[in-house]
Amino acid sequence: MDVLLYKFTSHRLIVGSILAFSGTSMARVDILPSQQGFSGLIFTPNAQTLETGRGSAAFGQGVPYRGSIAELDSWYVNAGVLPHLEVGGRIVTKTYNCNIYFESDCGIRDLSATAKFQLPYLEDLTGFNLAFGAQDIGGAASNFDAYFVVADTEIDAFNLRLSGGYGKSDLSLGLLDGPFAGAEWQPFDFVQLAGEYDAQEFNAAVRVMTPRDMLPYGAQVAAQYQLYSGHENQDQTLWGVSASVPFFGDTFIRQKYSDIKPDSKAQVLTELSKSEASSMTQLIGKLEQEGFVNIRVGSNLNTLVVALENKRYQHNTMDGAGVALGIISAHAGEGIFAELLGAAGRVQHVELILIQNKIPMLAINTELNCYREFLENGGKCTQTQFTNHDLAVKLEQTTWRYETTNDGFGYSELIFSPVMNYAVATEYGFFDYSLGLGTNLYTPLWKGAAIDVRHILPIANSDDYDDGYYEYDALENEVDRALVHQAFRLPLDAMTLFSAGLIRSDYYGGQNETQWYSQSGMHNLGFEVGYFEAKDSIDVDARTPLLAHYRLSVAQWNWQMQVEGGEFWGGDQGVRATTSHWLGDTRLDASYLNSESEQFVTLNVSIPITVWRGMKPDYLTVRGVSEWNFGVQTRVGESHNQLNTGLGQTANNYHNLDRQYFNRARLSPNYFENNSVRLRNAYLRYLNEVVYE
């Protein structure tokens with residue numbers, strides 16, 4: 001009886017203190033991760049989701065497992081991938097290097113996924129939010145299954161969020177298995193108190209965090225510590241730390257740069273005032289000075305035509321286009337139109353044709369007075385249009401006055417990137433790796449042709465890659481890729497790429513990849529076929545990948561869905577469906593593979609590892625990679641979770657059509673139309689960081 005009275009009195013005091021002092025609050029209620037990883041309180045969720053484009057990483061100790069709050073570590077990453085949708089992955093482990101197959105007392109090592117969806121518009125209609133969520137989705141060995149529905153509302157006057165819901169779970173101690181409720185109170189912008197009933201017991205915690213806008217790039221760090229828990233069987237005091245930040249480039253497409261850097265408004269006005277006094281020589285000189293190559297200037301009827309290639313802005317081709325259009329707007333006035341077209345007038349039509357290795361890829365048409373207003377105030381320019389149709393014809397119909405300034409022939413790129421074979425949360429260890437440095441020499445030749453050679457230098461291995469289970473997958477000091485590429489534009493807006501030489505360290509042969517895009521870029525069809533034979537390894541079977549795909553791109557949501565199927569690199573036949581969510585220049589992928597009657601789910605993050613504005617192109621330019629991938633995979637549909645033995649692999653030609661020519665599958669009219677603010681942001685950032693630094 002004394003214990004029950006103590007527990008009842010304790011949680012009454014905690015909840016009472018929250019409510020008693022709420023009237024002094026000075027801040028809104030931040031969204032922070034729970035001990036289970038998803039946005040919430042301690043063990044229970046609220047109905048909030050991470051802001052779209054924001055990622056969070058958390059570490060905590062104390063996990064409900066086998067009848068107690070066990071002394072286990074929990075690692076969690078999640079992201080707001082779409083409005084109202086939060087997804088994440090979690091690793092729970094007791095040990096980090098213990099081999100579960102051969103050593104005792106290794107404890108659990110579990111990899112799982114979580115998702116939470118908040119109903120849109122409901123808060124505006126009713127004053128509360130409603131969300132549905134699931135934990136440990138689809139894993140073969142499910143240790144933390146939980147499904148829940150939760151509602152919450154905020155009392156602004158007290159900076160208080162109240163939540164309640166119902167769950168069905170297999171979690172130890174009965175957590176989330178029934179009705180639950182909680183409250184979060186934030187008296188100051190750096191302190192938050194949380195109290196909850198987790199369907200079995202009461203818990204309370206204090207949270208401290210950095211105030212909004214205190215850290216650069218919109219980052220926030222936070223920590224949580226247990227004040228009270230009604231769970232008597234507790235081996236570990238609950239605590240955790242977390243950090244969140246917008247993904248690469250996401251702010252760049254969701255906010256006006258002038259709102260972040262107010263000085264840029266005056267800078268752009270100063271630059272645009274130069275347009276009437278500029279000459280054609282100054283325009284070409286500015287474009288060449290900024291590093292654009294293969295520059296051509298001419299006219300087609302009453303339109304100024306500029307064709308050029310961007311090799312400097314590797315995060316996104318759109319940045320290079322935005323800088324180029326800004327320079328043209330600032331240095332192409334009535335004098336240039338009179339010189340080039342023979343007549344000057346108020347209407348100043350311009351067409352910018354983006355080329356890649358001298359192949360036309362996309363055209364941007366606009367009227368400069370309209371576009372200058374867009375640069376000045378950010379309002380939409382209705383006269384700006386984008387097309388990928390009949391580009392070769394456009395080049396042929398243009399009367400070129402200035403031919404190929406700053407020819408990019410032989411402008412080699414030395415591309416450095418981390419290379420890693422790895423295994424995450426397996427029976428052999430928490431994280432096993434073989435880490436190396438990739439040095440890739442990519443040299444353009446004639447139109448559409450290039451030489452591509454990569455060397456790998458091993459740097460470090462974990463124990464299991466040195467002399468353990470993964471020993472034969474450790475990186476070696478070698479040239480693993482040496483290819484000659486030749487790309488062609490085909491009729492009907494299709495494109496093809498032939499590659500021949502060495503791939504995967506020991507396989508010699510050739511490959512063809514062909515793709516077709518609809519005129520909007522929304523629909524894409526493609527196939528790839530290859531034939532490779534091993535030279536020195538014991539692999540006697542030729543590799544004959546044959547794959548076809550369809551991809552749907554919905555630029556309004558920055559979302560893509562791809563389905564591919566056929567024969568993969570290993571000879572296995574199957575199908576893979578991948579949903580991709582773009583958060584700026586970060587891409588989050590979730591894919592389902594069914595091959596040879598085995599099923600896997602993979603979560604992947606893809607980011608650029610290079611600076612926003614690279615070196616000025618020359619005969620040797622050093623840069624990082626525009627895309628680097630890190631993914632984790634788990635088996636589904638089975639009672640075991642054994643590792644994938646190589647199913648669903650591809651030839652993995654890095655300089656394929658998507659990466660080398662189509663801006664990571666984003667070089668489309670739809671994408672440019674729905675992210676046009678980035679054109680302005682790129683030019684304003686160029687002015688702020690380069691011209692007026």
# chains A, B, ... in the order shown; residues from 1 in each chain; ligands from 1

$ residues_around --residues "Thr439 of chain A" --least-positions-apart "6" --cutoff "12 Å" --atoms "only C-alpha atoms" --output "list of chain:residue names"
A:Glu413, A:Leu414, A:Ile415, A:Phe416, A:Ser417, A:Pro418, A:Val419, A:Asp452, A:Val453, A:Arg454, A:His455, A:Ile456, A:Leu457, A:Pro458, A:Asn477, A:Glu478, A:Val479, A:Asp480, A:Arg481, A:Ala482, A:Val622, A:Arg623, A:Gly624, A:Val625

$ residues_around --residues "Phe431 of chain A" --least-positions-apart "4" --cutoff "10 Å" --atoms "only C-alpha atoms" --output "ChimeraX atom specification"
/A:96-97,422-426,462,464

$ closest_atom_pairs --of "segment 536-597 of chain A" --to "segment 84-88 of chain A" --cutoff "12 Å" --atoms "only C-alpha atoms" --output "CSV"
residue,atom,partner,partner_atom,distance
A:His581,CA,A:Leu85,CA,11.1
A:Leu588,CA,A:Val87,CA,10.0
A:Asp589,CA,A:Val87,CA,10.9
A:Ala590,CA,A:Val87,CA,10.0

$ write_last_selection --atoms "N, CA and C atoms" --output "PDB file, in the first residue's frame"
ATOM      1  N   HIS A 581      12.211  10.273 -52.052  1.00  0.00           N
ATOM      2  CA  HIS A 581      11.721  11.557 -51.589  1.00  0.00           C
ATOM      3  C   HIS A 581      12.896  12.540 -51.568  1.00  0.00           C
ATOM      4  N   LEU A 588      15.987  10.438 -50.070  1.00  0.00           N
ATOM      5  CA  LEU A 588      15.717   9.309 -49.193  1.00  0.00           C
ATOM      6  C   LEU A 588      14.964   8.247 -49.987  1.00  0.00           C
ATOM      7  N   ASP A 589      15.488   7.045 -49.992  1.00  0.00           N
ATOM      8  CA  ASP A 589      14.889   5.951 -50.745  1.00  0.00           C
ATOM      9  C   ASP A 589      14.420   4.854 -49.801  1.00  0.00           C
ATOM     10  N   ALA A 590      13.289   4.269 -50.132  1.00  0.00           N
ATOM     11  CA  ALA A 590      12.831   3.045 -49.484  1.00  0.00           C
ATOM     12  C   ALA A 590      12.462   2.077 -50.598  1.00  0.00           C
TER      13      ALA A 590
END

$ residues_around --residues "Gly291 of chain A" --least-positions-apart "5" --cutoff "7 Å" --atoms "only C-alpha atoms" --output "PyMOL selection string"
chain A and resi 312+616-617

$ write_last_selection --atoms "N, CA and C atoms" --output "PDB file, in the first residue's frame"
ATOM      1  N   ARG A 312      30.629  23.517 -62.603  1.00  0.00           N
ATOM      2  CA  ARG A 312      31.095  24.056 -61.332  1.00  0.00           C
ATOM      3  C   ARG A 312      30.118  23.810 -60.180  1.00  0.00           C
ATOM      4  N   LYS A 616      37.008  26.470 -60.462  1.00  0.00           N
ATOM      5  CA  LYS A 616      36.760  26.873 -61.838  1.00  0.00           C
ATOM      6  C   LYS A 616      37.304  25.793 -62.762  1.00  0.00           C
ATOM      7  N   PRO A 617      36.489  25.294 -63.702  1.00  0.00           N
ATOM      8  CA  PRO A 617      36.938  24.212 -64.584  1.00  0.00           C
ATOM      9  C   PRO A 617      38.186  24.590 -65.372  1.00  0.00           C
TER      10      PRO A 617
END

$ closest_residue --among "A:Asp189, A:Gln226, A:Glu693, A:Phe672" --to "Asn365 of chain A" --atoms "only C-alpha atoms"
A:Phe672

$ select_by_dssp --residues "segment 281-483 of chain A" --states "strand (DSSP E or B)" --output "ChimeraX atom specification"
/A:293-300,303-309,349-356,359-367,385-387,399-405,412-426,429-444,449-461,478-483

$ closest_residue --among "A:Ile607, A:Ala223, A:Leu647, A:Val393" --to "Trp628 of chain A" --atoms "only C-alpha atoms"
A:Ile607

$ closest_residue --among "A:Tyr531, A:Tyr257, A:Tyr661, A:Tyr619" --to "Leu497 of chain A" --atoms "only C-alpha atoms"
A:Tyr661
